[in-house]
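Next comes protein_31.tsv, a file with TSV, C-alpha atoms.
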```
chain	number	residue	atom	x	y	z
A	4	MET	CA	0.00	0.00	0.00
A	5	PRO	CA	1.34	3.51	-0.75
A	6	THR	CA	2.40	5.44	2.33
A	7	TYR	CA	0.91	8.78	3.28
A	8	GLU	CA	3.65	10.62	1.41
A	9	GLU	CA	3.53	8.34	-1.64
A	10	ARG	CA	-0.24	8.13	-2.23
A	11	PRO	CA	-1.04	9.49	-5.73
A	12	ILE	CA	-3.22	12.58	-5.19
A	13	SER	CA	-4.72	12.29	-8.69
A	14	ASN	CA	-6.44	9.08	-7.59
A	15	TYR	CA	-7.50	10.37	-4.20
A	16	ASP	CA	-11.05	9.59	-2.99
A	17	ILE	CA	-12.11	13.12	-2.04
A	18	ALA	CA	-15.61	12.15	-0.86
A	19	ARG	CA	-14.20	9.62	1.58
A	20	GLY	CA	-11.52	12.03	2.73
A	21	LEU	CA	-14.12	14.68	3.51
A	22	SER	CA	-16.23	12.13	5.38
A	23	LEU	CA	-13.23	11.08	7.45
A	24	LEU	CA	-12.24	14.65	8.21
A	25	ALA	CA	-15.79	15.60	9.21
A	26	MET	CA	-15.93	12.75	11.72
A	27	MET	CA	-12.47	13.49	13.08
A	28	GLU	CA	-13.40	17.16	13.56
A	29	ARG	CA	-16.59	16.11	15.36
A	30	ILE	CA	-14.67	13.79	17.69
A	31	ARG	CA	-12.12	16.46	18.54
A	32	ALA	CA	-14.75	19.14	19.05
A	33	PHE	CA	-16.75	16.86	21.33
A	34	GLU	CA	-13.73	16.14	23.48
A	35	GLN	CA	-12.69	19.78	23.59
A	36	GLN	CA	-16.16	20.67	24.88
A	37	ALA	CA	-16.04	17.78	27.35
A	38	LYS	CA	-12.71	19.09	28.60
A	39	LEU	CA	-14.18	22.56	29.03
A	40	ALA	CA	-17.07	21.09	30.99
A	41	ALA	CA	-14.66	19.26	33.26
A	42	VAL	CA	-11.98	21.89	33.74
A	43	ARG	CA	-13.70	25.25	33.34
A	44	ASP	CA	-17.19	24.47	34.58
A	45	ASN	CA	-16.55	21.54	36.95
A	46	LEU	CA	-19.54	19.73	35.46
A	47	VAL	CA	-17.88	16.33	35.05
A	48	LEU	CA	-17.47	14.57	38.37
A	49	GLY	CA	-14.79	11.96	37.78
A	50	ALA	CA	-12.03	11.35	35.29
A	51	ILE	CA	-12.43	11.62	31.56
A	52	HIS	CA	-9.81	10.24	29.19
A	53	LEU	CA	-9.40	12.18	25.96
A	54	SER	CA	-8.41	10.70	22.60
A	55	ILE	CA	-7.27	13.98	21.06
A	56	GLY	CA	-4.63	13.02	18.50
A	57	GLN	CA	-6.05	9.53	17.94
A	58	GLU	CA	-9.20	10.44	15.95
A	59	ALA	CA	-8.11	8.83	12.69
A	60	ILE	CA	-8.43	5.32	14.12
A	61	ALA	CA	-12.02	5.70	15.30
A	62	ALA	CA	-13.07	7.41	12.06
A	63	GLY	CA	-11.19	5.06	9.74
A	64	VAL	CA	-12.38	1.83	11.34
A	65	MET	CA	-15.95	2.70	12.22
A	66	MET	CA	-16.89	3.98	8.77
A	67	HIS	CA	-16.99	0.32	7.62
A	68	LEU	CA	-19.50	-0.87	10.24
A	69	ASN	CA	-23.26	-0.80	10.29
A	70	THR	CA	-25.76	-0.50	13.12
A	71	LYS	CA	-26.08	-4.29	13.53
A	72	ASP	CA	-22.37	-4.67	14.12
A	73	TYR	CA	-21.23	-4.52	17.73
A	74	MET	CA	-18.42	-2.42	19.15
A	75	LEU	CA	-16.69	-2.34	22.52
A	76	SER	CA	-14.40	0.39	23.70
A	77	THR	CA	-11.99	1.43	26.41
A	78	HIS	CA	-12.04	4.12	29.08
A	79	ARG	CA	-10.93	6.40	26.20
A	80	GLY	CA	-14.01	5.75	24.13
A	81	HIS	CA	-15.77	8.99	23.18
A	82	GLY	CA	-14.50	8.91	19.60
A	83	HIS	CA	-15.47	5.30	19.02
A	84	THR	CA	-18.94	5.91	20.42
A	85	LEU	CA	-19.56	9.01	18.32
A	86	ALA	CA	-18.25	7.29	15.18
A	87	LYS	CA	-20.56	4.31	15.82
A	88	GLY	CA	-23.53	6.63	15.52
A	89	ALA	CA	-24.37	7.78	19.05
A	90	THR	CA	-25.74	11.31	19.30
A	91	PRO	CA	-23.50	13.95	20.90
A	92	ASP	CA	-26.39	15.26	23.01
A	93	SER	CA	-26.98	11.90	24.72
A	94	MET	CA	-23.23	11.36	25.09
A	95	MET	CA	-22.65	14.76	26.71
A	96	GLN	CA	-25.66	14.26	28.97
A	97	GLU	CA	-24.10	10.97	30.03
A	98	LEU	CA	-20.77	12.60	30.84
A	99	LEU	CA	-22.56	15.19	32.97
A	100	GLY	CA	-24.74	12.57	34.67
A	101	ARG	CA	-27.95	14.09	33.34
A	102	ARG	CA	-31.33	12.79	32.31
A	103	GLY	CA	-31.28	11.85	28.63
A	104	GLY	CA	-27.82	10.34	28.83
A	105	SER	CA	-27.35	7.16	26.84
A	106	CYS	CA	-27.06	5.23	30.12
A	107	GLY	CA	-29.47	7.42	32.04
A	108	GLY	CA	-26.57	9.39	33.47
A	109	LYS	CA	-25.31	6.38	35.42
A	110	GLY	CA	-22.36	5.28	33.32
A	111	GLY	CA	-20.43	8.46	32.75
A	112	SER	CA	-17.39	8.77	30.52
A	113	MET	CA	-15.64	5.49	31.28
A	114	HIS	CA	-18.77	3.33	30.98
A	115	ILE	CA	-20.65	5.05	28.21
A	116	ALA	CA	-22.75	2.74	26.04
A	117	ASP	CA	-25.52	2.96	23.46
A	118	PHE	CA	-27.09	-0.36	22.56
A	119	SER	CA	-29.31	1.34	19.95
A	120	VAL	CA	-26.28	1.74	17.67
A	121	GLY	CA	-24.51	-1.48	18.68
A	122	MET	CA	-22.11	0.21	21.10
A	123	LEU	CA	-21.98	-2.34	23.93
A	124	GLY	CA	-19.97	-0.17	26.27
A	125	ALA	CA	-16.71	1.40	27.27
A	126	ASN	CA	-14.89	-0.13	30.21
A	127	GLY	CA	-12.87	1.39	33.03
A	128	VAL	CA	-10.96	-1.85	33.61
A	129	VAL	CA	-8.02	-2.08	31.20
A	130	GLY	CA	-8.44	-5.09	28.91
A	131	ALA	CA	-11.77	-6.23	30.36
A	132	ASN	CA	-13.62	-5.29	27.17
A	133	ILE	CA	-11.55	-7.81	25.18
A	134	THR	CA	-13.15	-10.87	26.77
A	135	ILE	CA	-16.58	-9.19	26.68
A	136	ALA	CA	-16.11	-8.62	22.96
A	137	ALA	CA	-15.12	-12.25	22.48
A	138	GLY	CA	-18.31	-13.20	24.30
A	139	ALA	CA	-20.38	-10.97	22.02
A	140	ALA	CA	-18.75	-12.51	18.95
A	141	HIS	CA	-19.38	-15.98	20.31
A	142	GLY	CA	-23.00	-14.99	20.86
A	143	ILE	CA	-23.25	-13.97	17.21
A	144	LYS	CA	-21.90	-17.36	16.16
A	145	LEU	CA	-24.23	-19.29	18.47
A	146	LEU	CA	-27.28	-17.36	17.27
A	147	ARG	CA	-26.23	-17.99	13.68
A	148	THR	CA	-26.00	-21.71	14.44
A	149	ALA	CA	-29.43	-21.60	16.10
A	150	ARG	CA	-30.95	-19.96	13.01
A	151	GLU	CA	-29.42	-22.66	10.85
A	152	SER	CA	-31.04	-25.32	13.01
A	153	ILE	CA	-34.45	-23.65	12.88
A	154	ASN	CA	-34.36	-22.75	9.20
A	155	GLY	CA	-32.48	-25.79	7.97
A	156	THR	CA	-29.88	-23.57	6.32
A	157	ASP	CA	-26.12	-23.39	6.41
A	158	SER	CA	-24.83	-19.87	7.09
A	159	SER	CA	-21.41	-20.93	5.88
A	160	LYS	CA	-22.87	-20.62	2.39
A	161	ASN	CA	-23.23	-16.90	3.03
A	162	ILE	CA	-19.61	-16.54	4.05
A	163	GLY	CA	-17.77	-14.90	1.19
A	164	SER	CA	-20.96	-13.44	-0.29
A	165	LYS	CA	-21.76	-9.75	-0.55
A	166	ASN	CA	-24.62	-10.23	1.91
A	167	LYS	CA	-24.23	-7.79	4.79
A	168	SER	CA	-27.21	-9.11	6.77
A	169	GLU	CA	-27.14	-10.47	10.30
A	170	ASP	CA	-25.27	-13.53	9.00
A	171	ASN	CA	-22.30	-11.22	8.37
A	172	GLN	CA	-22.53	-9.37	11.68
A	173	ILE	CA	-19.18	-8.73	13.36
A	174	VAL	CA	-17.68	-7.25	16.52
A	175	VAL	CA	-14.94	-4.61	16.72
A	176	CYS	CA	-13.01	-4.27	19.97
A	177	PHE	CA	-10.74	-1.30	20.72
A	178	PHE	CA	-8.05	-1.34	23.40
A	179	GLY	CA	-4.70	0.29	24.12
A	180	ASP	CA	-1.15	-1.02	24.05
A	181	GLY	CA	-1.15	-1.34	27.84
A	182	ALA	CA	-3.92	-3.93	27.63
A	183	ALA	CA	-1.56	-6.31	25.82
A	184	ASN	CA	0.18	-6.98	29.14
A	185	ARG	CA	-3.00	-8.02	30.92
A	186	GLY	CA	-4.57	-11.47	31.05
A	187	PRO	CA	-7.76	-10.69	29.08
A	188	PHE	CA	-5.65	-9.92	26.01
A	189	LEU	CA	-4.37	-13.48	25.75
A	190	GLU	CA	-7.63	-15.01	26.90
A	191	GLY	CA	-9.80	-13.02	24.49
A	192	LEU	CA	-7.60	-13.44	21.43
A	193	ASN	CA	-7.10	-17.12	22.15
A	194	TRP	CA	-10.85	-17.70	22.57
A	195	ALA	CA	-11.59	-15.89	19.31
A	196	GLY	CA	-8.92	-17.91	17.52
A	197	VAL	CA	-9.95	-21.28	18.90
A	198	PHE	CA	-13.63	-20.83	18.09
A	199	ASP	CA	-13.26	-18.82	14.84
A	200	LEU	CA	-15.20	-15.79	16.04
A	201	PRO	CA	-16.13	-12.83	13.80
A	202	ILE	CA	-14.20	-10.10	15.59
A	203	LEU	CA	-11.69	-7.42	14.66
A	204	PHE	CA	-9.35	-6.48	17.50
A	205	VAL	CA	-7.95	-2.95	17.20
A	206	CYS	CA	-4.95	-1.98	19.33
A	207	GLU	CA	-4.57	1.79	19.58
A	208	ASP	CA	-0.89	2.02	20.44
A	209	ASN	CA	-0.27	5.54	21.78
A	210	ARG	CA	3.04	4.42	23.38
A	211	TYR	CA	2.02	5.14	26.96
A	212	SER	CA	0.33	2.85	29.48
A	213	ALA	CA	-1.14	5.64	31.61
A	214	SER	CA	2.11	7.35	32.71
A	215	THR	CA	4.64	4.67	31.70
A	216	LEU	CA	6.26	4.02	28.34
A	217	THR	CA	4.78	0.73	27.19
A	218	SER	CA	8.05	-0.28	25.56
A	219	THR	CA	9.77	-0.37	28.95
A	220	MET	CA	7.36	-2.95	30.30
A	221	THR	CA	6.57	-5.08	27.25
A	222	ALA	CA	8.83	-7.99	26.36
A	223	GLY	CA	9.31	-9.03	22.76
A	224	PRO	CA	8.17	-7.19	19.63
A	225	GLY	CA	4.74	-6.23	21.02
A	226	PRO	CA	0.98	-6.73	20.57
A	227	ALA	CA	0.95	-7.50	16.84
A	228	ALA	CA	3.52	-10.29	17.23
A	229	ARG	CA	1.52	-11.75	20.10
A	230	ALA	CA	-1.63	-11.74	17.97
A	231	GLU	CA	0.22	-13.41	15.10
A	232	SER	CA	1.55	-16.09	17.44
A	233	ILE	CA	-2.05	-17.00	18.28
A	234	GLY	CA	-2.79	-17.33	14.57
A	235	LEU	CA	-4.75	-14.15	13.94
A	236	SER	CA	-4.47	-12.36	10.62
A	237	THR	CA	-2.60	-9.20	11.62
A	238	GLU	CA	-1.74	-5.85	10.06
A	239	VAL	CA	0.16	-2.83	11.38
A	240	VAL	CA	-0.79	0.67	10.24
A	241	ASP	CA	0.13	4.30	10.81
A	242	GLY	CA	-2.81	5.21	13.03
A	243	ASN	CA	-2.43	8.93	12.32
A	244	ASP	CA	-2.89	8.44	8.57
A	245	ALA	CA	-6.68	8.40	8.26
A	246	ASP	CA	-6.60	7.06	4.71
A	247	ALA	CA	-4.25	4.24	5.60
A	248	VAL	CA	-6.43	3.29	8.55
A	249	ALA	CA	-9.56	3.36	6.40
A	250	ASP	CA	-7.94	1.26	3.65
A	251	THR	CA	-6.58	-1.33	6.07
A	252	ALA	CA	-9.77	-1.50	8.12
A	253	ALA	CA	-11.82	-1.96	4.95
A	254	ARG	CA	-9.81	-5.06	4.07
A	255	LEU	CA	-9.88	-6.52	7.57
A	256	VAL	CA	-13.57	-5.84	8.19
A	257	ALA	CA	-14.43	-7.45	4.85
A	258	GLN	CA	-12.18	-10.39	5.71
A	259	VAL	CA	-13.85	-10.94	9.08
A	260	ARG	CA	-17.29	-10.72	7.46
A	261	ASP	CA	-16.34	-13.12	4.69
A	262	THR	CA	-14.53	-15.74	6.77
A	263	GLY	CA	-16.19	-15.38	10.16
A	264	LYS	CA	-12.69	-15.51	11.69
A	265	PRO	CA	-10.86	-12.95	13.86
A	266	ALA	CA	-8.30	-10.41	12.71
A	267	PHE	CA	-6.02	-7.92	14.44
A	268	LEU	CA	-5.16	-4.31	13.57
A	269	HIS	CA	-2.25	-2.61	15.34
A	270	ALA	CA	-2.51	1.16	14.84
A	271	ASN	CA	0.40	3.32	15.98
A	272	THR	CA	-0.70	6.74	17.23
A	273	TYR	CA	-0.06	9.35	19.93
A	274	ARG	CA	-2.38	11.02	22.46
A	275	LEU	CA	-1.73	14.73	22.66
A	276	ASP	CA	-3.30	15.18	26.10
A	277	GLY	CA	-2.39	13.45	29.33
A	278	HIS	CA	-3.83	10.16	30.48
A	279	THR	CA	-6.79	12.05	32.00
A	280	TYR	CA	-7.91	15.64	31.53
A	281	PHE	CA	-6.18	16.65	34.78
A	282	ASP	CA	-2.91	14.82	34.01
A	283	PRO	CA	-0.10	17.29	33.14
A	284	ALA	CA	1.86	14.42	31.52
A	285	SER	CA	5.09	15.54	33.16
A	286	TYR	CA	6.47	12.03	32.60
A	287	ARG	CA	6.85	12.81	28.90
A	288	PRO	CA	10.03	14.48	27.63
A	289	ASP	CA	9.76	18.25	27.27
A	290	GLY	CA	8.46	19.18	23.85
A	291	GLU	CA	7.43	15.67	22.81
A	292	ALA	CA	3.71	16.39	22.68
A	293	ASP	CA	4.24	19.77	21.02
A	294	HIS	CA	6.39	18.15	18.34
A	295	ALA	CA	3.74	15.49	17.73
A	296	ALA	CA	1.02	18.14	17.46
A	297	ALA	CA	3.10	20.11	14.96
A	298	THR	CA	4.23	17.21	12.79
A	299	ASN	CA	1.86	14.27	13.24
A	300	ASP	CA	-1.63	15.58	13.99
A	301	PRO	CA	-4.02	13.31	12.05
A	302	ILE	CA	-6.45	16.13	11.31
A	303	THR	CA	-3.71	18.38	9.96
A	304	ARG	CA	-2.31	15.56	7.85
A	305	LEU	CA	-5.69	14.79	6.27
A	306	ARG	CA	-6.39	18.48	5.65
A	307	GLU	CA	-3.08	18.78	3.81
A	308	THR	CA	-3.95	15.78	1.66
A	309	LEU	CA	-7.35	17.21	0.78
A	310	ILE	CA	-5.88	20.60	-0.06
A	311	GLU	CA	-3.32	18.93	-2.32
A	312	ALA	CA	-6.20	17.04	-3.94
A	313	GLY	CA	-7.88	20.34	-4.79
A	314	GLN	CA	-10.21	21.10	-1.88
A	315	ALA	CA	-10.52	24.70	-0.76
A	316	THR	CA	-9.25	25.59	2.70
A	317	THR	CA	-12.51	27.43	3.37
A	318	GLN	CA	-14.47	24.21	2.79
A	319	LEU	CA	-12.30	22.32	5.25
A	320	ASP	CA	-12.51	25.15	7.78
A	321	GLN	CA	-16.28	24.92	7.55
A	322	LEU	CA	-16.17	21.29	8.67
A	323	ALA	CA	-14.31	22.35	11.80
A	324	THR	CA	-16.73	25.23	12.40
A	325	ASP	CA	-19.75	22.97	11.97
A	326	ALA	CA	-18.29	20.47	14.42
A	327	GLU	CA	-17.61	23.18	16.99
A	328	VAL	CA	-21.16	24.55	16.69
A	329	GLU	CA	-22.63	21.05	17.02
A	330	MET	CA	-20.63	20.14	20.09
A	331	THR	CA	-21.03	23.53	21.77
A	332	GLY	CA	-24.74	22.93	21.39
A	333	ALA	CA	-24.42	19.44	22.85
A	334	LEU	CA	-22.73	20.84	25.95
A	335	ALA	CA	-25.38	23.54	26.29
A	336	THR	CA	-28.13	20.94	26.00
A	337	ALA	CA	-26.50	18.71	28.59
A	338	THR	CA	-25.89	21.58	30.98
A	339	ALA	CA	-29.55	22.58	30.77
A	340	SER	CA	-30.79	19.01	31.22
A	341	ALA	CA	-32.33	17.94	34.51
A	342	TRP	CA	-30.78	15.49	36.90
A	343	PRO	CA	-32.26	11.97	36.87
A	344	GLU	CA	-35.21	11.33	39.16
A	345	ASP	CA	-34.26	9.92	42.55
A	346	SER	CA	-36.69	7.07	41.89
A	347	SER	CA	-34.52	5.89	38.98
A	348	VAL	CA	-31.57	4.98	41.19
A	349	PHE	CA	-32.52	1.29	41.31
A	350	ALA	CA	-33.78	1.08	37.73
A	351	ASP	CA	-31.71	-1.21	35.49
A	352	VAL	CA	-30.47	-3.12	38.55
A	353	GLN	CA	-31.14	-6.85	38.45
A	354	ASP	CA	-32.54	-8.36	41.65
A	355	ILE	CA	-31.76	-12.07	41.84
A	356	GLY	CA	-32.60	-12.40	45.53
A	357	SER	CA	-30.31	-13.14	48.41
A	358	PRO	CA	-27.12	-14.91	47.34
A	359	GLN	CA	-27.21	-16.77	50.66
A	360	GLN	CA	-30.23	-18.70	49.46
A	361	GLU	CA	-28.24	-20.08	46.56
A	362	ALA	CA	-24.90	-20.46	48.31
A	363	TYR	CA	-26.15	-22.09	51.47
```
Conversion result in structure tokens:
Amino acid sequence: MPTYEERPISNYDIARGLSLLAMMERIRAFEQQAKLAAVRDNLVLGAIHLSIGQEAIAAGVMMHLNTKDYMLSTHRGHGHTLAKGATPDSMMQELLGRRGGSCGGKGGSMHIADFSVGMLGANGVVGANITIAAGAAHGIKLLRTARESINGTDSSKNIGSKNKSEDNQIVVCFFGDGAANRGPFLEGLNWAGVFDLPILFVCEDNRYSASTLTSTMTAGPGPAARAESIGLSTEVVDGNDADAVADTAARLVAQVRDTGKPAFLHANTYRLDGHTYFDPASYRPDGEADHAAATNDPITRLRETLIEAGQATTQLDQLATDAEVEMTGALATATASAWPEDSSVFADVQDIGSPQQEAY
């Protein structure tokens, strides 16, 4: 595949580039407003983890999914959720703990979910979403088998077809490089490999596990090599090149749909903010983040490509303006929203009775 610098501009897909840039601008604008709510207005009670600088991965992968596909995210999951189709109003209401939030204001930033668009949830426990995603993919396979039994059909005949119905439903699971050193990484990838589950694992490698360089605590060549050793089809991509991410994700998503087997995408990127919105990131070398912002910002890179392909700067600026207006409105809506009713505190809680009755 041509690299970012080598891609022939004359053959550039402008419509896709504009779509990618619009989503990336929306993700960044949402997180900038979320940061304002947390820092300036003290409206977010609890940590939020920003993905500013990593937007190309969410936009490039999610553009190939549909509503029936499932997605699981990390504690840094705003971009994935927005790109999956969740509305910014319900997301911002969730961050602020307000009525109308996608989880009723109970999940907050690290546990945001929206089942209506197939977003099964972010997770505050590093790596925990990997085994949950494997379970979701196994559920898809079991339901497919059940339909075969009822209908007397063989869904394997649909594998490799252009049919994008429920028989080609897949799961995408995002996690960071730090998760590769936790047990669920091995367990989830192994389970998916053993049982041929339709899941695409996406490792967003931003180089830092919270405040520690991942390379200093990861033996061997890293997550992609570990995935390959388990037998997963694996590709590595520049995660700040939106077009490269979109191209690679298109192939892998199609492959998972066609074969029903897992694949692994290792996307190298860099988060421009600290681990949380209140983290000054003093553990990073002086100037490192500034250099990355100046030379490797995924939004700037895609804008430059579009300009070289003939798009007017004013048109691209309008995408950023539209995103800012949309997300400023989302924050205003959330701020004006009421708190949940006190009576809703026990809603959505499953009562299975006293555990003593079962245990003793």
Check your understanding: Within 6 Å of range 111-117 of chain A, counting only C-alpha atoms, which residues qualify if same-chain residues fewer than 3 places away don't, as a list in words?
Key ->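 Once the adjacent positions are removed, what remains is Ile51, His78, Glu97, Leu98, Ser105, Val120, Met122, Leu123, Gly124, Ala125, Asn126 and Gly127 of chain A.
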Please produce an output containing C-alpha atoms for each residue in the selection, written as a PDB file, in the frame of the given file.
```
ATOM      1  CA  ILE A  51     -12.430  11.620  31.560  1.00  0.00           C
ATOM      2  CA  HIS A  78     -12.040   4.120  29.080  1.00  0.00           C
ATOM      3  CA  GLU A  97     -24.100  10.970  30.030  1.00  0.00           C
ATOM      4  CA  LEU A  98     -20.770  12.600  30.840  1.00  0.00           C
ATOM      5  CA  SER A 105     -27.350   7.160  26.840  1.00  0.00           C
ATOM      6  CA  VAL A 120     -26.280   1.740  17.670  1.00  0.00           C
ATOM      7  CA  MET A 122     -22.110   0.210  21.100  1.00  0.00           C
ATOM      8  CA  LEU A 123     -21.980  -2.340  23.930  1.00  0.00           C
ATOM      9  CA  GLY A 124     -19.970  -0.170  26.270  1.00  0.00           C
ATOM     10  CA  ALA A 125     -16.710   1.400  27.270  1.00  0.00           C
ATOM     11  CA  ASN A 126     -14.890  -0.130  30.210  1.00  0.00           C
ATOM     12  CA  GLY A 127     -12.870   1.390  33.030  1.00  0.00           C
TER      13      GLY A 127
END
```
Review point. Any idea what's packed within 9 Å of Gly186 in chain A, counting all atoms listed in the file, ignoring anything in its chain fewer than 4 positions away? Could you give it as a ChimeraX atom specification?
Key: /A:130-131,182,190-191
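You will find CA of Val328 in chain A at 8.7 Å from CA of Ala32 in chain A.
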Review point. Using all atoms listed in the file, which of the listed residues (A:Cys106, A:Ala222, A:Leu319, A:Ala266) sits closest to Asn184 in chain A?
Key: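 Between A:Cys106, A:Ala222, A:Leu319, A:Ala266, the residue approaching Asn184 in chain A most closely is A:Ala222.
Minimum atom-to-atom distance to Ile60 in chain A, evaluated using only C-alpha atoms, belongs to A:Leu23 out of A:Ile173, A:Leu192, A:Val128, A:Leu23.
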Residues of range 223-309 of chain A that approach range 176-180 of chain A to 9 Å or less, counting only C-alpha atoms: could you list each one with the shortest pair of atoms and its distance in Å to one decimal, rows by chain and increasing residue number, as a Markdown table?
```
| residue | atom | partner | partner_atom | distance |
| --- | --- | --- | --- | --- |
| A:Gly225 | CA | A:Asp180 | CA | 8.4 |
| A:Pro226 | CA | A:Asp180 | CA | 7.0 |
| A:His269 | CA | A:Asp180 | CA | 8.9 |
```
Check your understanding: What is the CA of His81 in chain A-CA of Leu53 in chain A distance in Å, reported with one decimal?
Key -> 7.6 Å
For range 330-341 of chain A, what centre and edge lengths in Å (one decimal) does the axis-aligned box get once 8 Å is added on each side of all its listed atoms, as AutoDock Vina command-line options?
```
--center_x -26.5 --center_y 20.7 --center_z 27.3 --size_x 27.7 --size_y 21.6 --size_z 30.4
```
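Across A:Arg150, A:Lys109, A:Arg185, A:Lys38, the tightest approach to Ile133 in chain A is made by A:Arg185 when counting all atoms listed in the file.
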**Study point:** Å distance separating CA of Thr279 in chain A from CA of Asp241 in chain A, one decimal place
**Key:** 23.6 Å
Check your understanding: Hey, can you pull every residue with an atom no more than 12 Å from (-12.3, -12.0, 7.5), using all atoms listed in the file, and send it as JSON, numbers by chain?
Key -> {"A": [162, 163, 164, 171, 172, 173, 174, 199, 200, 201, 202, 203, 204, 235, 236, 237, 252, 253, 254, 255, 256, 257, 258, 259, 260, 261, 262, 263, 264, 265, 266, 267]}
Write out the residues from the selection above, keeping C-alpha atoms, as a short mmCIF file (atom, residue, chain, number, x, y, z; two decimals), in the coordinates of the input.
```cif
data_model
loop_
_atom_site.label_atom_id
_atom_site.label_comp_id
_atom_site.auth_asym_id
_atom_site.auth_seq_id
_atom_site.Cartn_x
_atom_site.Cartn_y
_atom_site.Cartn_z
CA ILE A 162 -19.61 -16.54 4.05
CA GLY A 163 -17.77 -14.90 1.19
CA SER A 164 -20.96 -13.44 -0.29
CA ASN A 171 -22.30 -11.22 8.37
CA GLN A 172 -22.53 -9.37 11.68
CA ILE A 173 -19.18 -8.73 13.36
CA VAL A 174 -17.68 -7.25 16.52
CA ASP A 199 -13.26 -18.82 14.84
CA LEU A 200 -15.20 -15.79 16.04
CA PRO A 201 -16.13 -12.83 13.80
CA ILE A 202 -14.20 -10.10 15.59
CA LEU A 203 -11.69 -7.42 14.66
CA PHE A 204 -9.35 -6.48 17.50
CA LEU A 235 -4.75 -14.15 13.94
CA SER A 236 -4.47 -12.36 10.62
CA THR A 237 -2.60 -9.20 11.62
CA ALA A 252 -9.77 -1.50 8.12
CA ALA A 253 -11.82 -1.96 4.95
CA ARG A 254 -9.81 -5.06 4.07
CA LEU A 255 -9.88 -6.52 7.57
CA VAL A 256 -13.57 -5.84 8.19
CA ALA A 257 -14.43 -7.45 4.85
CA GLN A 258 -12.18 -10.39 5.71
CA VAL A 259 -13.85 -10.94 9.08
CA ARG A 260 -17.29 -10.72 7.46
CA ASP A 261 -16.34 -13.12 4.69
CA THR A 262 -14.53 -15.74 6.77
CA GLY A 263 -16.19 -15.38 10.16
CA LYS A 264 -12.69 -15.51 11.69
CA PRO A 265 -10.86 -12.95 13.86
CA ALA A 266 -8.30 -10.41 12.71
CA PHE A 267 -6.02 -7.92 14.44
#
```
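Of the listed residues A:His278, A:Lys71, A:His52, A:His83, the one whose atoms come nearest to Ile30 in chain A is A:His83, with distances taken using only C-alpha atoms.
Nearest residue to Gly56 in chain A among A:Ala183, A:Leu39, A:Ala341, A:Ala296 is A:Ala296, counting all atoms listed in the file.
Residue nearest Leu189 in chain A within the list A:Val47, A:Gln318, A:Ala335, A:Arg229: A:Arg229 [criterion: smallest interatomic distance, all atoms listed in the file].
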Check your understanding: Which residues, written as a PyMOL selection string, have at least one atom at most 7 Å from range 216-219 of chain A, with all atoms listed in the file counted and residues fewer than 3 positions away on the same chain left out?
Key -> chain A and resi 180-181+210-212
**Study point:** Neighbour residues at most 6 Å from (-27.0, 17.2, 26.8) (all atoms listed in the file) as a ChimeraX atom specification
**Key:** /A:92-93,95-96,333-334,336-337
**Study point:** Spatial neighbours of Ser54 in chain A, max dist 7 Å, all atoms listed in the file, sep filter under 4 positions, as JSON, numbers by chain
**Key:** {"A": [58, 79, 274]}
Export range 68-86 of chain A, C-alpha atoms, as an mmCIF file, in the first residue's frame; it's the structure right above.
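Generated output (out34.cif):
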```cif
data_model
loop_
_atom_site.group_PDB
_atom_site.id
_atom_site.type_symbol
_atom_site.label_atom_id
_atom_site.label_comp_id
_atom_site.auth_asym_id
_atom_site.auth_seq_id
_atom_site.Cartn_x
_atom_site.Cartn_y
_atom_site.Cartn_z
ATOM 1 C CA LEU A 68 -19.498 -0.869 10.244
ATOM 2 C CA ASN A 69 -23.264 -0.796 10.288
ATOM 3 C CA THR A 70 -25.762 -0.502 13.120
ATOM 4 C CA LYS A 71 -26.082 -4.289 13.529
ATOM 5 C CA ASP A 72 -22.369 -4.669 14.119
ATOM 6 C CA TYR A 73 -21.231 -4.522 17.734
ATOM 7 C CA MET A 74 -18.421 -2.422 19.149
ATOM 8 C CA LEU A 75 -16.687 -2.344 22.523
ATOM 9 C CA SER A 76 -14.399 0.386 23.698
ATOM 10 C CA THR A 77 -11.986 1.426 26.414
ATOM 11 C CA HIS A 78 -12.041 4.120 29.082
ATOM 12 C CA ARG A 79 -10.926 6.397 26.199
ATOM 13 C CA GLY A 80 -14.011 5.749 24.125
ATOM 14 C CA HIS A 81 -15.772 8.995 23.183
ATOM 15 C CA GLY A 82 -14.500 8.913 19.601
ATOM 16 C CA HIS A 83 -15.466 5.301 19.017
ATOM 17 C CA THR A 84 -18.945 5.913 20.423
ATOM 18 C CA LEU A 85 -19.560 9.006 18.319
ATOM 19 C CA ALA A 86 -18.252 7.292 15.178
#
```
